[in-house]
Structures are given as structure tokens and as C-alpha cells.
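Colleague: This is target.pdb (PDB, C-alpha atoms and all ligand atoms).
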MODEL        1
ATOM      1  CA  MET P   1      -4.061 -13.548  -8.750  1.00  0.00           C
ATOM      2  CA  PRO P   2      -5.417 -15.953  -6.129  1.00  0.00           C
ATOM      3  CA  HIS P   3      -3.745 -15.995  -2.744  1.00  0.00           C
ATOM      4  CA  THR P   4      -4.127 -19.292  -0.949  1.00  0.00           C
ATOM      5  CA  SER P   5      -2.438 -18.837   2.387  1.00  0.00           C
ATOM      6  CA  ASP P   6      -4.008 -20.635   5.312  1.00  0.00           C
ATOM      7  CA  MET P   7      -4.676 -17.335   6.990  1.00  0.00           C
ATOM      8  CA  VAL P   8      -6.287 -15.471   4.165  1.00  0.00           C
ATOM      9  CA  SER P   9      -8.001 -18.310   2.342  1.00  0.00           C
ATOM     10  CA  ASP P  10     -10.415 -18.343   5.285  1.00  0.00           C
ATOM     11  CA  MET P  11     -10.397 -14.590   5.733  1.00  0.00           C
ATOM     12  CA  ALA P  12     -12.189 -12.337   3.313  1.00  0.00           C
ATOM     13  CA  ILE P  13     -10.375  -9.044   2.829  1.00  0.00           C
ATOM     14  CA  ARG P  14     -12.585  -6.030   2.392  1.00  0.00           C
ATOM     15  CA  VAL P  15     -11.034  -2.953   0.820  1.00  0.00           C
ATOM     16  CA  ARG P  16     -12.878   0.343   1.032  1.00  0.00           C
ATOM     17  CA  ARG P  17     -12.292   4.052   1.062  1.00  0.00           C
ATOM     18  CA  ALA P  18     -11.154   5.329   4.425  1.00  0.00           C
ATOM     19  CA  ALA P  19     -13.616   7.307   6.504  1.00  0.00           C
ATOM     20  CA  ALA P  20     -12.944   9.912   9.158  1.00  0.00           C
ATOM     21  CA  GLY P  21     -13.859   7.407  11.882  1.00  0.00           C
ATOM     22  CA  ASP P  22     -10.929   5.203  10.864  1.00  0.00           C
ATOM     23  CA  ALA P  23      -8.524   7.734  12.352  1.00  0.00           C
ATOM     24  CA  ASP P  24      -9.527   6.450  15.788  1.00  0.00           C
ATOM     25  CA  ARG P  25      -8.521   2.901  14.784  1.00  0.00           C
ATOM     26  CA  ILE P  26      -5.155   3.779  13.246  1.00  0.00           C
ATOM     27  CA  ASP P  27      -3.514   3.683  16.653  1.00  0.00           C
ATOM     28  CA  ALA P  28      -4.094  -0.079  16.972  1.00  0.00           C
ATOM     29  CA  LEU P  29      -2.713  -0.704  13.484  1.00  0.00           C
ATOM     30  CA  VAL P  30       0.438   1.321  14.135  1.00  0.00           C
ATOM     31  CA  ARG P  31       0.958  -0.278  17.570  1.00  0.00           C
ATOM     32  CA  SER P  32       0.887  -3.700  15.909  1.00  0.00           C
ATOM     33  CA  LEU P  33       3.635  -2.831  13.397  1.00  0.00           C
ATOM     34  CA  SER P  34       7.184  -4.090  13.843  1.00  0.00           C
ATOM     35  CA  PRO P  35       9.954  -1.472  13.836  1.00  0.00           C
ATOM     36  CA  GLY P  36      11.007  -2.786  10.422  1.00  0.00           C
ATOM     37  CA  SER P  37       7.561  -2.230   8.930  1.00  0.00           C
ATOM     38  CA  ILE P  38       7.485   1.331  10.270  1.00  0.00           C
ATOM     39  CA  VAL P  39      10.921   2.025   8.765  1.00  0.00           C
ATOM     40  CA  ARG P  40       9.855   0.576   5.405  1.00  0.00           C
ATOM     41  CA  ARG P  41       6.552   2.472   5.381  1.00  0.00           C
ATOM     42  CA  PHE P  42       8.062   5.834   6.288  1.00  0.00           C
ATOM     43  CA  MET P  43      11.428   5.317   4.579  1.00  0.00           C
ATOM     44  CA  GLY P  44      13.264   5.793   7.838  1.00  0.00           C
ATOM     45  CA  GLY P  45      12.946   5.597  11.581  1.00  0.00           C
ATOM     46  CA  VAL P  46      10.042   7.630  12.928  1.00  0.00           C
ATOM     47  CA  SER P  47       8.325   7.478  16.299  1.00  0.00           C
ATOM     48  CA  ARG P  48       5.045   5.604  16.681  1.00  0.00           C
ATOM     49  CA  GLU P  49       3.445   8.924  17.605  1.00  0.00           C
ATOM     50  CA  PHE P  50       4.524  10.375  14.277  1.00  0.00           C
ATOM     51  CA  ALA P  51       3.293   7.275  12.451  1.00  0.00           C
ATOM     52  CA  VAL P  52      -0.115   7.458  14.152  1.00  0.00           C
ATOM     53  CA  ALA P  53      -0.422  11.170  13.374  1.00  0.00           C
ATOM     54  CA  GLU P  54       0.575  10.698   9.754  1.00  0.00           C
ATOM     55  CA  LEU P  55      -1.750   7.758   9.039  1.00  0.00           C
ATOM     56  CA  SER P  56      -4.583   9.534  10.878  1.00  0.00           C
ATOM     57  CA  ARG P  57      -4.027  12.565   8.664  1.00  0.00           C
ATOM     58  CA  GLU P  58      -4.089  10.350   5.592  1.00  0.00           C
ATOM     59  CA  VAL P  59      -7.389   8.641   6.380  1.00  0.00           C
ATOM     60  CA  ARG P  60      -8.970  12.057   6.989  1.00  0.00           C
ATOM     61  CA  ALA P  61      -7.565  13.480   3.759  1.00  0.00           C
ATOM     62  CA  GLY P  62      -9.994  15.348   1.605  1.00  0.00           C
ATOM     63  CA  GLY P  63      -9.614  16.680  -1.903  1.00  0.00           C
ATOM     64  CA  THR P  64      -8.299  14.451  -4.651  1.00  0.00           C
ATOM     65  CA  ASP P  65      -5.893  12.444  -2.483  1.00  0.00           C
ATOM     66  CA  PHE P  66      -7.427   9.378  -0.861  1.00  0.00           C
ATOM     67  CA  ALA P  67      -6.763   6.522   1.536  1.00  0.00           C
ATOM     68  CA  LEU P  68      -7.985   2.945   1.372  1.00  0.00           C
ATOM     69  CA  ILE P  69      -8.503   0.609   4.291  1.00  0.00           C
ATOM     70  CA  ALA P  70      -8.210  -3.183   4.285  1.00  0.00           C
ATOM     71  CA  GLU P  71     -10.342  -4.945   6.880  1.00  0.00           C
ATOM     72  CA  SER P  72     -10.534  -8.555   7.902  1.00  0.00           C
ATOM     73  CA  SER P  73     -13.882 -10.335   8.017  1.00  0.00           C
ATOM     74  CA  ARG P  74     -13.809  -9.619  11.769  1.00  0.00           C
ATOM     75  CA  GLY P  75     -13.684  -5.913  11.021  1.00  0.00           C
ATOM     76  CA  GLU P  76     -10.066  -5.500  12.094  1.00  0.00           C
ATOM     77  CA  LEU P  77      -8.103  -2.838  10.298  1.00  0.00           C
ATOM     78  CA  ILE P  78      -5.233  -4.800   8.738  1.00  0.00           C
ATOM     79  CA  GLY P  79      -3.878  -2.440   6.093  1.00  0.00           C
ATOM     80  CA  GLU P  80      -3.858   1.078   4.771  1.00  0.00           C
ATOM     81  CA  ALA P  81      -2.788   2.654   1.517  1.00  0.00           C
ATOM     82  CA  TYR P  82      -2.537   6.328   0.725  1.00  0.00           C
ATOM     83  CA  VAL P  83      -2.622   7.822  -2.744  1.00  0.00           C
ATOM     84  CA  ALA P  84      -1.484  11.353  -3.472  1.00  0.00           C
ATOM     85  CA  MET P  85      -2.325  12.888  -6.802  1.00  0.00           C
ATOM     86  CA  LEU P  86       0.805  14.471  -8.290  1.00  0.00           C
ATOM     87  CA  THR P  87      -0.747  15.598 -11.568  1.00  0.00           C
ATOM     88  CA  PRO P  88      -4.041  14.628 -13.283  1.00  0.00           C
ATOM     89  CA  HIS P  89      -2.142  11.706 -14.856  1.00  0.00           C
ATOM     90  CA  ASP P  90       0.258  10.724 -12.081  1.00  0.00           C
ATOM     91  CA  ALA P  91      -0.321   9.459  -8.557  1.00  0.00           C
ATOM     92  CA  GLU P  92       1.967   8.229  -5.797  1.00  0.00           C
ATOM     93  CA  ALA P  93       1.065   5.444  -3.381  1.00  0.00           C
ATOM     94  CA  ALA P  94       2.331   4.159  -0.035  1.00  0.00           C
ATOM     95  CA  PHE P  95       1.193   0.980   1.691  1.00  0.00           C
ATOM     96  CA  VAL P  96       1.291  -0.713   5.046  1.00  0.00           C
ATOM     97  CA  VAL P  97      -0.094  -4.098   6.085  1.00  0.00           C
ATOM     98  CA  ARG P  98      -0.190  -5.419   9.646  1.00  0.00           C
ATOM     99  CA  ASP P  99       2.830  -7.680  10.141  1.00  0.00           C
ATOM    100  CA  ARG P 100       0.983 -10.929  10.758  1.00  0.00           C
ATOM    101  CA  GLU P 101      -1.085 -10.487   7.592  1.00  0.00           C
ATOM    102  CA  GLN P 102       1.835  -9.540   5.333  1.00  0.00           C
ATOM    103  CA  HIS P 103       2.504 -11.826   2.371  1.00  0.00           C
ATOM    104  CA  HIS P 104      -1.111 -12.981   2.366  1.00  0.00           C
ATOM    105  CA  GLY P 105      -2.576 -10.878  -0.409  1.00  0.00           C
ATOM    106  CA  VAL P 106      -3.659  -7.780   1.497  1.00  0.00           C
ATOM    107  CA  GLY P 107      -1.236  -5.474  -0.337  1.00  0.00           C
ATOM    108  CA  THR P 108      -2.410  -6.945  -3.617  1.00  0.00           C
ATOM    109  CA  ALA P 109      -6.057  -6.260  -2.717  1.00  0.00           C
ATOM    110  CA  LEU P 110      -5.177  -2.647  -1.868  1.00  0.00           C
ATOM    111  CA  LEU P 111      -3.189  -2.200  -5.084  1.00  0.00           C
ATOM    112  CA  THR P 112      -5.995  -3.672  -7.200  1.00  0.00           C
ATOM    113  CA  ALA P 113      -8.476  -1.195  -5.714  1.00  0.00           C
ATOM    114  CA  ILE P 114      -6.056   1.707  -6.189  1.00  0.00           C
ATOM    115  CA  VAL P 115      -5.458   0.859  -9.837  1.00  0.00           C
ATOM    116  CA  ALA P 116      -9.206   0.577 -10.499  1.00  0.00           C
ATOM    117  CA  GLU P 117      -9.853   3.966  -8.891  1.00  0.00           C
ATOM    118  CA  LEU P 118      -6.959   5.656 -10.689  1.00  0.00           C
ATOM    119  CA  ARG P 119      -7.905   4.193 -14.068  1.00  0.00           C
ATOM    120  CA  ALA P 120     -11.421   5.543 -13.580  1.00  0.00           C
ATOM    121  CA  ARG P 121      -9.853   8.965 -13.004  1.00  0.00           C
ATOM    122  CA  GLY P 122      -7.719   8.714 -16.138  1.00  0.00           C
ATOM    123  CA  VAL P 123      -4.451   8.409 -14.242  1.00  0.00           C
ATOM    124  CA  ARG P 124      -1.757   6.744 -16.334  1.00  0.00           C
ATOM    125  CA  THR P 125       1.189   6.261 -14.007  1.00  0.00           C
ATOM    126  CA  LEU P 126       1.429   5.088 -10.402  1.00  0.00           C
ATOM    127  CA  HIS P 127       4.657   6.001  -8.613  1.00  0.00           C
ATOM    128  CA  ALA P 128       6.114   4.581  -5.415  1.00  0.00           C
ATOM    129  CA  ASP P 129       9.363   4.989  -3.510  1.00  0.00           C
ATOM    130  CA  THR P 130      11.012   2.162  -1.635  1.00  0.00           C
ATOM    131  CA  THR P 131      14.416   0.616  -1.048  1.00  0.00           C
ATOM    132  CA  PRO P 132      16.098  -2.091  -3.148  1.00  0.00           C
ATOM    133  CA  GLU P 133      15.881  -4.411  -0.094  1.00  0.00           C
ATOM    134  CA  ASN P 134      12.085  -4.179   0.132  1.00  0.00           C
ATOM    135  CA  VAL P 135      11.383  -7.276  -1.932  1.00  0.00           C
ATOM    136  CA  ALA P 136       7.733  -7.436  -0.863  1.00  0.00           C
ATOM    137  CA  MET P 137       7.004  -3.901  -2.062  1.00  0.00           C
ATOM    138  CA  LEU P 138       8.903  -4.430  -5.314  1.00  0.00           C
ATOM    139  CA  ALA P 139       7.073  -7.730  -5.923  1.00  0.00           C
ATOM    140  CA  LEU P 140       3.767  -6.021  -5.198  1.00  0.00           C
ATOM    141  CA  LEU P 141       4.460  -3.266  -7.719  1.00  0.00           C
ATOM    142  CA  HIS P 142       5.499  -5.786 -10.357  1.00  0.00           C
ATOM    143  CA  GLU P 143       2.428  -7.952  -9.915  1.00  0.00           C
ATOM    144  CA  GLY P 144       0.084  -8.199 -12.838  1.00  0.00           C
ATOM    145  CA  GLY P 145       2.856  -7.705 -15.354  1.00  0.00           C
ATOM    146  CA  LEU P 146       2.186  -4.009 -15.899  1.00  0.00           C
ATOM    147  CA  ALA P 147       5.026  -2.129 -17.571  1.00  0.00           C
ATOM    148  CA  SER P 148       7.208  -0.440 -15.012  1.00  0.00           C
ATOM    149  CA  HIS P 149      10.380   1.562 -14.748  1.00  0.00           C
ATOM    150  CA  GLU P 150      12.788   1.659 -11.827  1.00  0.00           C
ATOM    151  CA  ARG P 151      15.138   4.522 -11.051  1.00  0.00           C
ATOM    152  CA  TYR P 152      17.836   3.971  -8.410  1.00  0.00           C
ATOM    153  CA  LEU P 153      19.151   7.020  -6.606  1.00  0.00           C
ATOM    154  CA  ASN P 154      20.847   7.544  -3.236  1.00  0.00           C
ATOM    155  CA  GLY P 155      20.004   4.080  -1.958  1.00  0.00           C
ATOM    156  CA  MET P 156      16.341   4.391  -2.900  1.00  0.00           C
ATOM    157  CA  VAL P 157      14.333   3.053  -5.799  1.00  0.00           C
ATOM    158  CA  HIS P 158      11.560   4.998  -7.484  1.00  0.00           C
ATOM    159  CA  VAL P 159       9.131   2.734  -9.342  1.00  0.00           C
ATOM    160  CA  SER P 160       6.771   4.035 -12.024  1.00  0.00           C
ATOM    161  CA  VAL P 161       4.018   1.612 -13.059  1.00  0.00           C
ATOM    162  CA  GLN P 162       2.035   2.228 -16.227  1.00  0.00           C
ATOM    163  CA  ILE P 163      -1.608   1.643 -15.323  1.00  0.00           C
ATOM    164  CA  GLY P 164      -3.355   3.568 -18.079  1.00  0.00           C
ATOM    165  CA  GLU P 165      -4.722   2.222 -21.313  1.00  0.00           C
ATOM    166  CA  SER P 166      -2.103   4.318 -23.022  1.00  0.00           C
ATOM    167  CA  SER P 167       0.953   5.803 -21.392  1.00  0.00           C
ATOM    168  CA  THR P 168       2.134   7.747 -24.410  1.00  0.00           C
TER     169      THR P 168
HETATM  170  C1  LIG B 201       4.974  -4.085   1.131  1.00  0.00           C
HETATM  171  C2  LIG B 201       3.635  -4.582   1.653  1.00  0.00           C
HETATM  172  C3  LIG B 201       2.614  -3.438   1.619  1.00  0.00           C
HETATM  173  C4  LIG B 201       3.163  -5.715   0.723  1.00  0.00           C
HETATM  174  O1  LIG B 201       1.883  -6.140   1.178  1.00  0.00           O
HETATM  175  P1  LIG B 201       1.580  -7.685   1.369  1.00  0.00           P
HETATM  176  O2  LIG B 201       0.190  -7.831   1.809  1.00  0.00           O
HETATM  177  O3  LIG B 201       2.646  -8.258   2.230  1.00  0.00           O
HETATM  178  O4  LIG B 201       1.769  -8.176  -0.143  1.00  0.00           O
HETATM  179  P2  LIG B 201       1.041  -9.409  -0.866  1.00  0.00           P
HETATM  180  O5  LIG B 201       0.856 -10.534   0.087  1.00  0.00           O
HETATM  181  O6  LIG B 201      -0.147  -8.910  -1.563  1.00  0.00           O
HETATM  182  O7  LIG B 201       2.165  -9.861  -1.884  1.00  0.00           O
HETATM  183  C5  LIG B 201       2.514  -9.043  -2.981  1.00  0.00           C
HETATM  184  C6  LIG B 201       3.731  -9.653  -3.632  1.00  0.00           C
HETATM  185  O8  LIG B 201       4.838  -9.507  -2.738  1.00  0.00           O
HETATM  186  C7  LIG B 201       5.391 -10.774  -2.460  1.00  0.00           C
HETATM  187  N1  LIG B 201       5.814 -10.733  -1.068  1.00  0.00           N
HETATM  188  C8  LIG B 201       5.088 -10.324  -0.010  1.00  0.00           C
HETATM  189  N2  LIG B 201       5.823 -10.402   1.099  1.00  0.00           N
HETATM  190  C9  LIG B 201       7.030 -10.892   0.718  1.00  0.00           C
HETATM  191  C10 LIG B 201       8.226 -11.207   1.414  1.00  0.00           C
HETATM  192  N3  LIG B 201       8.332 -11.016   2.739  1.00  0.00           N
HETATM  193  N4  LIG B 201       9.269 -11.676   0.712  1.00  0.00           N
HETATM  194  C11 LIG B 201       9.185 -11.852  -0.608  1.00  0.00           C
HETATM  195  N5  LIG B 201       8.074 -11.563  -1.337  1.00  0.00           N
HETATM  196  C12 LIG B 201       7.021 -11.098  -0.672  1.00  0.00           C
HETATM  197  C13 LIG B 201       4.291 -11.759  -2.709  1.00  0.00           C
HETATM  198  O9  LIG B 201       4.788 -13.030  -3.001  1.00  0.00           O
HETATM  199  C14 LIG B 201       3.607 -11.145  -3.885  1.00  0.00           C
HETATM  200  O10 LIG B 201       4.323 -11.387  -5.071  1.00  0.00           O
HETATM  201  P3  LIG B 201       3.872 -12.525  -6.085  1.00  0.00           P
HETATM  202  O11 LIG B 201       2.473 -12.201  -6.488  1.00  0.00           O
HETATM  203  O12 LIG B 201       4.873 -12.414  -7.175  1.00  0.00           O
HETATM  204  O13 LIG B 201       3.924 -13.781  -5.296  1.00  0.00           O
HETATM  205  C15 LIG B 201       3.744  -5.157   3.109  1.00  0.00           C
HETATM  206  O14 LIG B 201       4.687  -6.188   3.120  1.00  0.00           O
HETATM  207  C16 LIG B 201       4.082  -4.097   4.146  1.00  0.00           C
HETATM  208  O15 LIG B 201       3.208  -3.465   4.710  1.00  0.00           O
HETATM  209  N6  LIG B 201       5.398  -3.895   4.402  1.00  0.00           N
HETATM  210  C17 LIG B 201       5.824  -2.893   5.389  1.00  0.00           C
HETATM  211  C18 LIG B 201       5.587  -1.466   4.879  1.00  0.00           C
HETATM  212  C19 LIG B 201       6.198  -1.268   3.512  1.00  0.00           C
HETATM  213  O16 LIG B 201       7.208  -1.854   3.158  1.00  0.00           O
HETATM  214  N7  LIG B 201       5.565  -0.393   2.701  1.00  0.00           N
HETATM  215  C20 LIG B 201       6.076  -0.137   1.363  1.00  0.00           C
HETATM  216  C21 LIG B 201       6.633   1.247   1.220  1.00  0.00           C
HETATM  217  S1  LIG B 201       5.348   2.460   1.106  1.00  0.00           S
ENDMDL
END
Would you mind writing the file out in C-alpha cells?
Ligand SMILES: CC(C)(COP(=O)(O)OP(=O)(O)OC[C@H]1O[C@@H](n2cnc3c(N)ncnc32)[C@H](O)[C@@H]1OP(=O)(O)O)[C@@H](O)C(=O)NCCC(=O)NCCS
Modeller:
Amino acid sequence: MPHTSDMVSDMAIRVRRAAAGDADRIDALVRSLSPGSIVRRFMGGVSREFAVAELSREVRAGGTDFALIAESSRGELIGEAYVAMLTPHDAEAAFVVRDREQHHGVGTALLTAIVAELRARGVRTLHADTTPENVAMLALLHEGGLASHERYLNGMVHVSVQIGESST
């Protein structure tokens, strides 16, 4: 889906796998986040120190879990997504985009890359937890018209998106 905002129409977004060196740049991303974005990303209030440590851990992650980085054409780190493999057919994702670039297609670019990677691995279902108020995250997960299921529990919503060729 094309995104035609003034900001991003002139700004190519590059999405790539995170590298160990990105851990040193996470600090600037986290420092740029509003308190609301930190709460939505971590599903509650956490300190910036915790957020830096957690995102740094994610971009260094080895094994089957992986992190993706979104960069602007100027090389600025403007988003991060982390994918944890739950089973060979299920993965869980979390996203964060720098506040001033939110709603400009960065989350969509990260999700598109995640889905491509997970499909190549044979993963059928992508899971994500958010709150019913997080309209941006819910819209992101419903983009592309993929079949999805929402489960509401204790003020949270768990979304399961079918990304495989066959989910049965
Ligand atoms: C949720 C988040 C990752 C989405 O990324 P993004 O770059 O803003 O999303 P996009 O611009 O690609 O937009 C994706 C969809 O969300 C919609 N959207 C984005 N921001 C929105 C907003 N503030 N209000 C309503 N809809 C919004 C877009 O319109 C688009 O839907 P559409 O294709 O139907 O138009 C980003 O807003 C963010 O980092 N939020 C803070 C952290 C967070 O909430 N993480 C999620 C929990 S892990």
C-alpha cells in the first residue's frame, strides 16, 4: 500500500536485519520516544534505561529470534521491530517507530519485511499484544486484509494474523 505523506514520500525507508552495532544507536531512538510510545511499546510504564537495555538486547539477539531496523535515507534509526519465535509455526512481534515518523508507513515497511521473512520460514501465524486503544497498532496488524483473530482479556487485546499460505 503506498504511503504518500509529505515526510515519507521524499524519504526512502530502508528495512534490514539488525546488527550488533545497532545496539549503540538504540539509545538515540529510545530518547526520542514520547512517554506514550514507550508505554505502548512495553505495555506499561518502564524507565528509559530499561527500554534502552531491552531494545539493545533485541538487536543483539541470536538464534531464531530476530530484530529488524528501519532507517531513513539519512541513515537515522527510525524504527525497530522484534520477532520472537514461539513455535516453528508461530511468531510474536513488537514494534516501535520514532514519534515524528509514526503514521508515515514505517510500521508497514517493518511488517511487510517480517511477513516475508516468516513466510520463508514456514511460519503461519503472527501474534501481537496491544491495547484496544492502540488504533495505530491495530490498523497496522489489519493492513493487507489478512485473516486475523482478536482476543480481549484483562484490558489487553491479543491479535493473531494468518500469514501462511494455509493456516489449517
Ligand atoms: C504502532 C506503530 C508501530 C505503527 O507504526 P506506524 O509507522 O505509525 O504505522 P503506519 O504509518 O505504517 O500505519 C499503519 C496503519 O496504522 C494507521 N495509523 C498509524 N498511526 C495512526 C494513528 N495515530 N491513528 C490512527 N491510525 C493510525 C495507518 O493509517 C495505517 O493504516 P491504514 O493502512 O489502514 O491507513 C507506531 O505507531 C508506534 O511505534 N507506536 C508506539 C509503539 C507501539 O504502539 N507499539 C505497538 C505495540 S508492540
Colleague: For region 57-71 of chain P, work out the shell of residues within 6 Å, counting all atoms listed in the file and skipping chain neighbours fewer than 2 positions away, then give it as a PyMOL selection string.
Modeller: chain P and resi 13-18+20+54-55+75-85
Colleague: Go through chain P residue by residue and, counting all atoms listed in the file, keep those with an atom at most 10 Å from ligand LIG 201 (chain B); for each kept residue give the shortest atom pair and its distance in Å to one decimal, ordered by chain and increasing number, as CSV.
Modeller:
residue,atom,partner,partner_atom,distance
P:Met1,CA,B:LIG201,O11,7.0
P:Pro2,CA,B:LIG201,O11,8.7
P:His3,CA,B:LIG201,O5,7.7
P:Ser5,CA,B:LIG201,O5,9.2
P:Val8,CA,B:LIG201,O5,9.6
P:Leu33,CA,B:LIG201,C17,8.3
P:Ser34,CA,B:LIG201,C17,8.6
P:Pro35,CA,B:LIG201,C17,9.5
P:Gly36,CA,B:LIG201,C17,7.2
P:Ser37,CA,B:LIG201,C17,4.0
P:Ile38,CA,B:LIG201,C18,6.4
P:Val39,CA,B:LIG201,C18,7.5
P:Arg40,CA,B:LIG201,O16,4.2
P:Arg41,CA,B:LIG201,N7,4.0
P:Phe42,CA,B:LIG201,S1,6.8
P:Met43,CA,B:LIG201,C21,7.1
P:Ala70,CA,B:LIG201,O2,9.9
P:Ile78,CA,B:LIG201,O2,9.3
P:Gly79,CA,B:LIG201,O15,7.3
P:Glu80,CA,B:LIG201,O15,8.4
P:Ala81,CA,B:LIG201,C3,8.1
P:Tyr82,CA,B:LIG201,S1,8.8
P:Glu92,CA,B:LIG201,S1,9.6
P:Ala93,CA,B:LIG201,S1,6.9
P:Ala94,CA,B:LIG201,S1,3.6
P:Phe95,CA,B:LIG201,S1,4.4
P:Val96,CA,B:LIG201,O15,3.4
P:Val97,CA,B:LIG201,O15,3.6
P:Arg98,CA,B:LIG201,O15,6.3
P:Asp99,CA,B:LIG201,O15,6.9
P:Arg100,CA,B:LIG201,O3,9.1
P:Glu101,CA,B:LIG201,O2,6.5
P:Gln102,CA,B:LIG201,O3,3.5
P:His103,CA,B:LIG201,O5,3.1
P:His104,CA,B:LIG201,O5,3.9
P:Gly105,CA,B:LIG201,O6,3.3
P:Val106,CA,B:LIG201,O2,3.9
P:Gly107,CA,B:LIG201,O2,3.5
P:Thr108,CA,B:LIG201,O6,3.6
P:Ala109,CA,B:LIG201,O6,6.6
P:Leu110,CA,B:LIG201,O6,8.0
P:Leu111,CA,B:LIG201,O6,8.2
P:Thr112,CA,B:LIG201,O6,9.7
P:Ala128,CA,B:LIG201,S1,6.9
P:Asp129,CA,B:LIG201,S1,6.6
P:Thr130,CA,B:LIG201,C21,5.3
P:Thr131,CA,B:LIG201,C21,8.1
P:Glu133,CA,B:LIG201,O16,9.6
P:Asn134,CA,B:LIG201,O16,6.2
P:Val135,CA,B:LIG201,C11,5.2
P:Ala136,CA,B:LIG201,C12,3.7
P:Met137,CA,B:LIG201,C1,3.8
P:Leu138,CA,B:LIG201,O8,7.0
P:Ala139,CA,B:LIG201,O8,4.3
P:Leu140,CA,B:LIG201,C5,4.0
P:Leu141,CA,B:LIG201,C6,7.6
P:His142,CA,B:LIG201,O12,7.4
P:Glu143,CA,B:LIG201,O11,5.5
P:Gly144,CA,B:LIG201,O11,7.9
P:Gly145,CA,B:LIG201,O12,9.7
Colleague: Report the distance between CA of Ala12 (chain P) and CA of Val30 (chain P) in Å, rounded to one decimal place.
Modeller: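 Here the two named atoms are 21.5 Å from each other.
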Colleague: Quick one, how far is CA of Arg119 (chain P) from CA of Asp22 (chain P)?
Modeller: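 So the two atoms, CA of Arg119 (chain P) and CA of Asp22 (chain P), lie 25.1 Å apart.
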Colleague: Can you find the residues with an atom no farther than 12 Å from (16.5, 6.8, -5.7), counting only C-alpha atoms, and report them as a list in words?
Modeller: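 Residues close enough to count: Met43, Ala128, Asp129, Thr130, Thr131, Pro132, Glu150, Arg151, Tyr152, Leu153, Asn154, Gly155, Met156, Val157, His158, Val159 and Ser160 of chain P.
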Colleague: For Leu126 (chain P), find every residue with an atom within 7 Å (counting all atoms listed in the file), except residues of its own chain fewer than 3 positions away, and show them as a list of chain:residue names.
Modeller: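 The filter keeps P:Asp90, P:Ala91, P:Glu92, P:Ser160, P:Val161, P:Gln162, P:Ile163.
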Colleague: Of the residues P:Leu118, P:Val123, P:Ala113, P:Val52, which is the one nearest to Thr87 (chain P), using all atoms listed in the file?
Modeller: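 Nearest candidate to Thr87 (chain P) out of P:Leu118, P:Val123, P:Ala113, P:Val52: P:Val123.
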Colleague: If I take CA of Ser56 (chain P) and CA of Gly21 (chain P), how far is one from the other in Å, to one decimal?
Modeller: 9.6 Å
Colleague: Which is closest to Pro88 (chain P) among P:Arg48, P:Arg121, P:Arg74, P:His127, if we use all atoms listed in the file?
Modeller: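 Answer, going by the shortest atom-to-atom distance: P:Arg121.
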